[in-house]
Amino acid sequence: MGTTYVLPSFLLVAFLSCCCRTSHAEIFTSISHMTGLLYTEKELVQSLRDYISAEESKLATVKSWANKLDTLTRMTTLDPEGYLGHPVNAYKLMKRLNTEWSELESLVLQNPSDGFISNMSTHRQYFPQPEDETGAAKALMRLQDTYQLDSEAFSRGKLPGVHASPLLSVDDCFDMGKTAYNEADYYHAVLWMQQALKQLDSGEDATVSKADILDYLSYSVYQMGDLPRAVELTRRLVAIDSGHERAGGNLRYYEKLLHKQLSEANRQQQQQQEEQEASEEHIQLGTYSRPKDHLPERETYEALCRGQGLKMNEARRSRLFCRYQDGKRNPRLLLRPFREEDEWDSPHIVRYLDVLSETEVEKIKELAKPRLARATVRDPKTGVLTTANYRVSKSAWLEGEDDAVVARVNQRIQDITGLTVDTAELLQVANYGVGGQYEPHFDFSRKDEPDAFKRLGTGNRVATFLNYMTDVEAGGATVFPDLGAAIWPRKGTAIFWYNLFRSGEGDYRTRHAACPVLVGSKWVSNKWLHERGQEFRRPCGLTEVD
């Protein structure tokens, strides 16, 4: 085991006061906001080093006094009367006790921690809270599921697109498992507790005990319905800690349930076989099935995020072309038309190249950063914007009046699409951080949510124009589960599609999602164009699906 360091009491109080506040704080869903925490932590480390230097300087002075006085008192107590018989010695004793010991007392009572505590208090308001740590843990689990990465891939830093990656300790893995356990997510609790146990068994140092890991792991395995393995793990726990308050009772209960499951004829043979398998086979990704959730197309969506299940075949690819788009001879585009590439044939999804310059991207990010807030979705029943667990990012809304760049981008979108932006929503800028995603959704309102855009008075969302403002090292694709299409971000490009047929009916094939960002930071900006004002720009068709 490694050396155990004990924090001074004032540091412990400061830390706990930062981490145990009960007021709500929004989850750090944006890389942009989290970067500030790195500089905060750097400043706090420097403040901590200053405190350590002050404490070391103080301690060095006290040690010097102690050594000097230790030598002196050993000598003076050999012949006290002889020593005091010299008037100078008598004077120096009075001086030491009256002045110098008082100065030493003042030095010992000095508190070099004041500067550090003051700095902590200044930054405390920006610290993440417990729910933020929980959110970050859930983000790792979301990435684990979507990209089919086992716990060891994260723990050992084996992520795609990354050459060097931070490692997770035994205690980190245990805390991940405990977060899942506290959320009654026993599937992920098993994966992370197993990884913690594996690393501990390999000889890694840890604060958490093996008994604690086995306690959580055995119960989580039981909750997953694996009684033989629950029995085996609990027996290991009892062997380590025979007096454990729950282990003995749990073991008897598990054994009783297992006994009932086995028939009289093959009970002993099957039990021995299953327990042997349970003890020899490591729990890993795929050992247990992930519980189903609210999303019916979960498997299809996640497969597309991994680049699997794509339905782009040769016949479809032969129908995809590239061309120059001048906005039907728009004067602003005649001399500089945009390159347009087909991404999908039906519904028609196109990508425009070099839509945003580097300068424009940085200006939009600069304008958005101070306004970033947890991204919202429109409640289909009330039309009111609200946060949702299936959309994890931060966003800001920019008006054309905010800056000439925003006005220019709005005009460019109108020129390229031929649709008016007068009735469009503001330019929305979003930054996806750790595990940031937007699960499958429709941009348009369906018939069962007639009031979704009623407050805007501009009709339904007829089309979506999505700007990619960064490249993403891994993950972050825009996928269309019903189509089997996946479109990866390319900085400076934009994709465009119609959400409605010409008849005004919704095109349900456009249900799409923003895949979780595995590595990197994803910035996008989008413009939702509405029906009003498009009557002569995109006339109605003769049939429902024109």
# chains A, B, ... in the order shown; residues from 1 in each chain; ligands from 1
$ residues_around --residues "segment 535-538 of chain A" --least-positions-apart "5" --cutoff "10 Å" --atoms "only C-alpha atoms" --output "number ranges by chain"
A: 417-420, 462, 502
$ residues_around --residues "Asp482 of chain A" --least-positions-apart "2" --cutoff "6 Å" --atoms "only C-alpha atoms" --output "MDAnalysis selection string"
chainID A and resid 480 484 509
$ residues_around --residues "segment 511-528 of chain A" --least-positions-apart "3" --cutoff "8 Å" --atoms "only C-alpha atoms" --output "ChimeraX atom specification"
/A:31,142-143,146,161-162,301-302,305,424-443,461-482,508
$ residues_around --residues "segment 165-180 of chain A" --least-positions-apart "2" --cutoff "6 Å" --atoms "only C-alpha atoms" --output "number ranges by chain"
A: 155-157, 182-183, 185, 188-189, 192-193, 196, 206
$ residues_around --residues "Arg339 of chain A" --least-positions-apart "3" --cutoff "10 Å" --atoms "only C-alpha atoms" --output "short mmCIF file (atom, residue, chain, number, x, y, z; two decimals) with C-alpha atoms, in the first residue's frame"
data_model
loop_
_atom_site.label_atom_id
_atom_site.label_comp_id
_atom_site.auth_asym_id
_atom_site.auth_seq_id
_atom_site.Cartn_x
_atom_site.Cartn_y
_atom_site.Cartn_z
CA CYS A 322 -21.30 17.58 -56.16
CA ARG A 323 -21.94 20.95 -57.74
CA TYR A 324 -21.57 24.68 -57.30
CA GLN A 325 -24.49 26.39 -55.58
CA ASP A 326 -25.15 30.01 -56.54
CA ARG A 336 -18.26 33.05 -55.34
CA ARG A 351 -23.12 19.58 -47.29
CA TYR A 352 -21.74 23.01 -48.16
CA LEU A 353 -17.99 23.54 -48.01
CA ASP A 354 -16.14 26.60 -46.70
CA VAL A 355 -19.31 28.18 -45.34
CA THR A 493 -18.76 23.04 -43.52
#
$ select_by_dssp --residues "segment 167-402 of chain A" --states "alpha helix (DSSP H)" --output "MDAnalysis selection string"
chainID A and resid 170:182 186:201 210:223 227:240 247:261 267:280 298:305 314:317 358:368
$ decode --residues "segment 114-158 of chain A" --atoms "N, CA and C atoms" --output "CSV table (one decimal), in the first residue's frame"
chain,number,residue,atom,x,y,z
A,114,ASP,N,-3.9,31.4,5.7
A,114,ASP,CA,-4.9,32.4,5.5
A,114,ASP,C,-5.0,32.8,4.0
A,115,GLY,N,-3.9,32.9,3.3
A,115,GLY,CA,-3.9,33.2,1.9
A,115,GLY,C,-4.6,32.2,1.0
A,116,PHE,N,-4.3,30.9,1.4
A,116,PHE,CA,-4.8,29.8,0.6
A,116,PHE,C,-6.3,29.7,0.8
A,117,ILE,N,-6.8,29.9,2.1
A,117,ILE,CA,-8.2,29.8,2.4
A,117,ILE,C,-8.9,31.0,1.7
A,118,SER,N,-8.3,32.1,1.7
A,118,SER,CA,-8.9,33.3,1.0
A,118,SER,C,-9.1,33.0,-0.5
A,119,ASN,N,-8.1,32.4,-1.1
A,119,ASN,CA,-8.1,32.1,-2.5
A,119,ASN,C,-9.2,31.0,-2.8
A,120,MET,N,-9.3,30.0,-1.9
A,120,MET,CA,-10.3,29.0,-2.1
A,120,MET,C,-11.7,29.6,-2.0
A,121,SER,N,-11.9,30.5,-1.1
A,121,SER,CA,-13.2,31.2,-0.9
A,121,SER,C,-13.6,32.0,-2.2
A,122,THR,N,-12.6,32.6,-2.8
A,122,THR,CA,-12.8,33.4,-4.0
A,122,THR,C,-13.3,32.5,-5.2
A,123,HIS,N,-12.7,31.3,-5.3
A,123,HIS,CA,-13.0,30.4,-6.4
A,123,HIS,C,-14.1,29.4,-6.1
A,124,ARG,N,-14.5,29.3,-4.9
A,124,ARG,CA,-15.4,28.3,-4.5
A,124,ARG,C,-16.7,28.3,-5.3
A,125,GLN,N,-17.2,29.5,-5.6
A,125,GLN,CA,-18.5,29.6,-6.3
A,125,GLN,C,-18.5,29.0,-7.7
A,126,TYR,N,-17.2,28.8,-8.3
A,126,TYR,CA,-17.1,28.2,-9.6
A,126,TYR,C,-16.9,26.7,-9.6
A,127,PHE,N,-16.8,26.1,-8.4
A,127,PHE,CA,-16.4,24.7,-8.3
A,127,PHE,C,-17.6,23.9,-8.7
A,128,PRO,N,-17.3,22.7,-9.3
A,128,PRO,CA,-18.4,21.7,-9.5
A,128,PRO,C,-18.9,21.2,-8.2
A,129,GLN,N,-20.2,20.8,-8.3
A,129,GLN,CA,-20.8,20.2,-7.1
A,129,GLN,C,-21.0,18.7,-7.3
A,130,PRO,N,-21.4,18.0,-6.2
A,130,PRO,CA,-21.6,16.5,-6.3
A,130,PRO,C,-22.3,16.1,-7.6
A,131,GLU,N,-23.4,16.8,-7.9
A,131,GLU,CA,-24.2,16.4,-9.1
A,131,GLU,C,-23.4,16.6,-10.4
A,132,ASP,N,-22.4,17.5,-10.4
A,132,ASP,CA,-21.6,17.6,-11.6
A,132,ASP,C,-20.7,16.4,-11.7
A,133,GLU,N,-20.1,16.0,-10.6
A,133,GLU,CA,-19.3,14.8,-10.6
A,133,GLU,C,-20.1,13.6,-11.1
A,134,THR,N,-21.3,13.5,-10.6
A,134,THR,CA,-22.2,12.4,-11.0
A,134,THR,C,-22.5,12.5,-12.5
A,135,GLY,N,-22.7,13.7,-13.0
A,135,GLY,CA,-22.9,13.9,-14.4
A,135,GLY,C,-21.8,13.5,-15.3
A,136,ALA,N,-20.5,13.8,-14.8
A,136,ALA,CA,-19.3,13.4,-15.6
A,136,ALA,C,-19.2,11.9,-15.6
A,137,ALA,N,-19.5,11.3,-14.5
A,137,ALA,CA,-19.4,9.8,-14.4
A,137,ALA,C,-20.4,9.2,-15.4
A,138,LYS,N,-21.6,9.7,-15.4
A,138,LYS,CA,-22.6,9.2,-16.3
A,138,LYS,C,-22.2,9.4,-17.8
A,139,ALA,N,-21.5,10.5,-18.0
A,139,ALA,CA,-21.0,10.8,-19.4
A,139,ALA,C,-20.1,9.7,-19.8
A,140,LEU,N,-19.1,9.3,-18.9
A,140,LEU,CA,-18.2,8.2,-19.3
A,140,LEU,C,-19.0,6.9,-19.5
A,141,MET,N,-20.0,6.6,-18.8
A,141,MET,CA,-20.8,5.4,-19.0
A,141,MET,C,-21.5,5.5,-20.3
A,142,ARG,N,-22.0,6.7,-20.6
A,142,ARG,CA,-22.7,6.9,-21.9
A,142,ARG,C,-21.8,6.6,-23.1
A,143,LEU,N,-20.5,7.1,-23.0
A,143,LEU,CA,-19.5,6.8,-24.0
A,143,LEU,C,-19.2,5.3,-24.0
A,144,GLN,N,-19.1,4.7,-22.9
A,144,GLN,CA,-18.8,3.3,-22.8
A,144,GLN,C,-19.8,2.5,-23.5
A,145,ASP,N,-21.1,2.9,-23.4
A,145,ASP,CA,-22.2,2.1,-24.0
A,145,ASP,C,-22.2,2.4,-25.5
A,146,THR,N,-22.2,3.7,-25.9
A,146,THR,CA,-22.3,4.0,-27.3
A,146,THR,C,-21.2,3.5,-28.2
A,147,TYR,N,-20.0,3.5,-27.7
A,147,TYR,CA,-18.8,3.1,-28.5
A,147,TYR,C,-18.3,1.7,-28.1
A,148,GLN,N,-19.1,1.0,-27.3
A,148,GLN,CA,-18.8,-0.3,-26.8
A,148,GLN,C,-17.3,-0.5,-26.3
A,149,LEU,N,-17.0,0.4,-25.4
A,149,LEU,CA,-15.7,0.4,-24.7
A,149,LEU,C,-15.8,-0.3,-23.4
A,150,ASP,N,-15.0,-1.2,-23.0
A,150,ASP,CA,-15.0,-1.8,-21.7
A,150,ASP,C,-14.4,-0.9,-20.7
A,151,SER,N,-14.6,-1.2,-19.4
A,151,SER,CA,-14.1,-0.3,-18.4
A,151,SER,C,-12.5,-0.2,-18.5
A,152,GLU,N,-11.9,-1.2,-18.9
A,152,GLU,CA,-10.4,-1.2,-19.0
A,152,GLU,C,-9.9,-0.2,-20.0
A,153,ALA,N,-10.7,-0.1,-21.1
A,153,ALA,CA,-10.3,0.9,-22.1
A,153,ALA,C,-10.2,2.3,-21.6
A,154,PHE,N,-11.2,2.7,-20.7
A,154,PHE,CA,-11.1,4.0,-20.1
A,154,PHE,C,-10.0,4.0,-19.0
A,155,SER,N,-10.0,3.0,-18.2
A,155,SER,CA,-9.0,2.9,-17.1
A,155,SER,C,-7.6,3.0,-17.5
A,156,ARG,N,-7.3,2.3,-18.7
A,156,ARG,CA,-5.9,2.2,-19.2
A,156,ARG,C,-5.6,3.3,-20.2
A,157,GLY,N,-6.6,4.1,-20.6
A,157,GLY,CA,-6.4,5.2,-21.5
A,157,GLY,C,-6.4,4.7,-23.0
A,158,LYS,N,-7.1,3.6,-23.3
A,158,LYS,CA,-7.1,3.0,-24.6
A,158,LYS,C,-8.3,3.5,-25.4
